[in-house]
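K.L.:
The structure is given below, and queries will be raised subsequently.
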Amino acid sequence: MKNAEVVAMLEETADLMEIAGENPFKARAYRRAAEAIAALREPIEELARQKRLSAIEGVGESIARDITEFLQRGTTTRLEQLRTKYPPQLRTLLEIQGVGPRTVALLYDRLKITTVDELEEAAKAGKLTKLPGMGEQKVRNILEGIQLWRQQQGRVPLSIALDIAEGIVAALRELPEAKQILPAGSLRRWKETVGDLDILVATRNSKPIMDRFVSLPEVEKVLAHGTTKSSVLMQNNLQVDLRAVEPESFGAAAQYFTGSKAHNIALRNLALKKGLTVNEYGVFREATGEKVAGETEEGVYEAIGLVWIPPELREDRGELEAAEGGALPRLVTLQDIRGELHSHTKWSDGFNTVEEMALAAMELGYEYLAITDHSPPMGWGVKPDDFRKLLREIRTVSDRLGFPILAGIEVDIAPDGSLYMDEDILRQLDIVIASVHSAMRMDIDTMTKRILTAMENPLVHAIGHPTGRLINQRPPYEVRMDALIDKALKVGVALEINASPERLDLNDENARAAKEAGVLLLIGTDAHRREHLSFMRFGVAVARRAWCEPEHILNTRPYAALRDWLTRRRS
């Protein structure tokens, strides 16, 4: 399918339009179209052939023409015009925190800067401070952003790596020679970013599998093509290694290549104390070399005197001791989630209507949904009078569908800790999530006080994405997480694990600290279109890495119990 190529074209067009200073609403239209096509499950070429491109949400006539032209020529007149004015490599500069489209244009027009290296050199040489609007603090921010960008190169966000892995596994699973197949490594442990992918296949005839693997259409470069291991480069320069093992060693290989390194070292040390050795081929008696396990992971752990340890816990953070003592948690699962508590609609910056979001939640088998559109001062925030209309619409749709829809809000926390919405409206809403979206460069004490002040407001139920980070895009703002956890416990406010793949905020370490302190957590997808409700699995993965059980998560509760908690918070 050409879907990914069309998405890339639309995103490049939007980036270059913004750099060129064109109408921001037009650029945003291209981004919305890119999001819609990325969510498609049918080939864009087929929709174009049937002249149904305009039926895609967010694709108007002009963008449909661009897509048609791209499918025919591999480029568009619009994109060629933009590339003539601004070289495509400028888009990399947009990945640097503190460098927006206007800054990129200024850097290119005045200094002909096109690369991160050139930007860093100019910043250190003092050339940037001579440009309009470029004070010393902004230059320091740019240098910090460059440092962060360099640290993140070579690691791919979990969601992208997962899509690639699932596509490969699905393609190889079709072959009868593949008896078992499994993504391993940090992906299987659901880490938030992935350096490379390891995929294991159990087989006695690896050649057809390896041949199919290196010839997949998504492969950009073949690095190695063997019978026991092949390596390729996929999109985003993600390296994927496929390893073939004998079926009787598949469990040992799965355990070994899943890791983590620290977990494996601790496991081997424990095995040695019991006269055993562990490697990717199995578990063996040290004295005799006799193989005692290896076909299944469960057998590997059992041979060492342990119950099977879920991959998300394999970080050497106490999981071996818990497994020895029979104290592993019953980790929350996706099936435990009863509803969505953080979603957006067309009333603010979402794609879908209230009813469309509700129907999507019902299709997932949820018991309830919360609509939490943005407040001002976000440019797309819902104004007070419109929020009253939104409240009426939610009640009407809920009654018509016979499905509980909570009327909520994601309200902005002002720099002084107050909330950007009239209190009389907040009192009418079922759930209030308070979040920081602006002024993120406060010092740690000021930011901490800002959020603590919001938490003291009895109308607030939860704090959304509590550290404000965007993975590989923006670091967390400075905040004392221990203070937030203490206050949340004291006043009874929940903290969110935001399941949007670009956020995953709280991260696993902060979520575990909150859980162990007794703070209630909420998993919300921050869905801006109905397809985003599927992000819940990423939030659940964070909760599992944080050792969370169902009782630690607010939206594992039945609707009646959820309403009781929301009401008690305000009593």
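In the structure tokens, the first chain shown is A, the next is B, and so on; residue numbers restart at 1 for each chain, and ligands run from 1 in the order shown.
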As a list of chain:residue names, please: the residues near Thr353 of chain A (cut-off 9 Å, only C-alpha atoms, same-chain neighbours under 6 positions excluded).
P.N.:
A:His344, A:Thr345, A:Lys346, A:Trp347, A:Arg529
K.L.:
Using DSSP assignments from the backbone, pull out every residue in segment 28-79 of chain A that falls under alpha helix (DSSP H) and give it to me as a ChimeraX atom specification.
P.N.:
/A:28-38,44-49,61-73,77-79
K.L.:
Report as JSON lines: every residue of segment 314-378 of chain A with an atom at most 8 Å from segment 236-260 of chain A, its closest pair of atoms, and their distance in Å to one decimal, counting only C-alpha atoms, with rows sorted by chain and ascending residue number.
P.N.:
```
{"residue": "A:Arg314", "atom": "CA", "partner": "A:Ser260", "partner_atom": "CA", "distance": 6.0}
{"residue": "A:Glu315", "atom": "CA", "partner": "A:Ser260", "partner_atom": "CA", "distance": 5.6}
{"residue": "A:Asp316", "atom": "CA", "partner": "A:Ser260", "partner_atom": "CA", "distance": 7.8}
```
K.L.:
With all heavy atoms kept, could you save the residues just selected as a compact mmCIF listing (two decimals), in the first residue's frame?
P.N.:
```
# COMPACT_ATOMS: atom_id res chain seq x y z
N ARG A 314 10.66 -7.49 33.59
CA ARG A 314 12.02 -8.04 33.55
C ARG A 314 13.08 -6.93 33.43
O ARG A 314 13.74 -6.77 32.41
CB ARG A 314 12.15 -9.04 32.40
CG ARG A 314 11.20 -10.22 32.53
CD ARG A 314 11.36 -11.19 31.37
NE ARG A 314 10.21 -12.10 31.29
CZ ARG A 314 10.05 -13.00 30.34
NH1 ARG A 314 10.96 -13.14 29.39
NH2 ARG A 314 8.97 -13.79 30.32
N GLU A 315 13.20 -6.16 34.48
CA GLU A 315 14.15 -5.03 34.51
C GLU A 315 15.07 -5.10 35.72
O GLU A 315 15.77 -4.14 36.03
CB GLU A 315 13.39 -3.69 34.49
CG GLU A 315 12.48 -3.49 33.29
CD GLU A 315 13.23 -3.28 31.98
OE1 GLU A 315 14.48 -3.11 32.02
OE2 GLU A 315 12.58 -3.30 30.91
N ASP A 316 15.07 -6.21 36.45
CA ASP A 316 15.84 -6.36 37.69
C ASP A 316 15.47 -5.28 38.70
O ASP A 316 16.32 -4.59 39.26
CB ASP A 316 17.35 -6.33 37.40
CG ASP A 316 18.17 -6.79 38.61
OD1 ASP A 316 17.64 -7.56 39.45
OD2 ASP A 316 19.34 -6.35 38.74
```
K.L.:
In terms of the shortest atom-to-atom distance over only C-alpha atoms, which of A:Ile523, A:Leu158, A:Leu182, A:Leu276 is closest to Thr288 of chain A?
P.N.:
A:Leu276
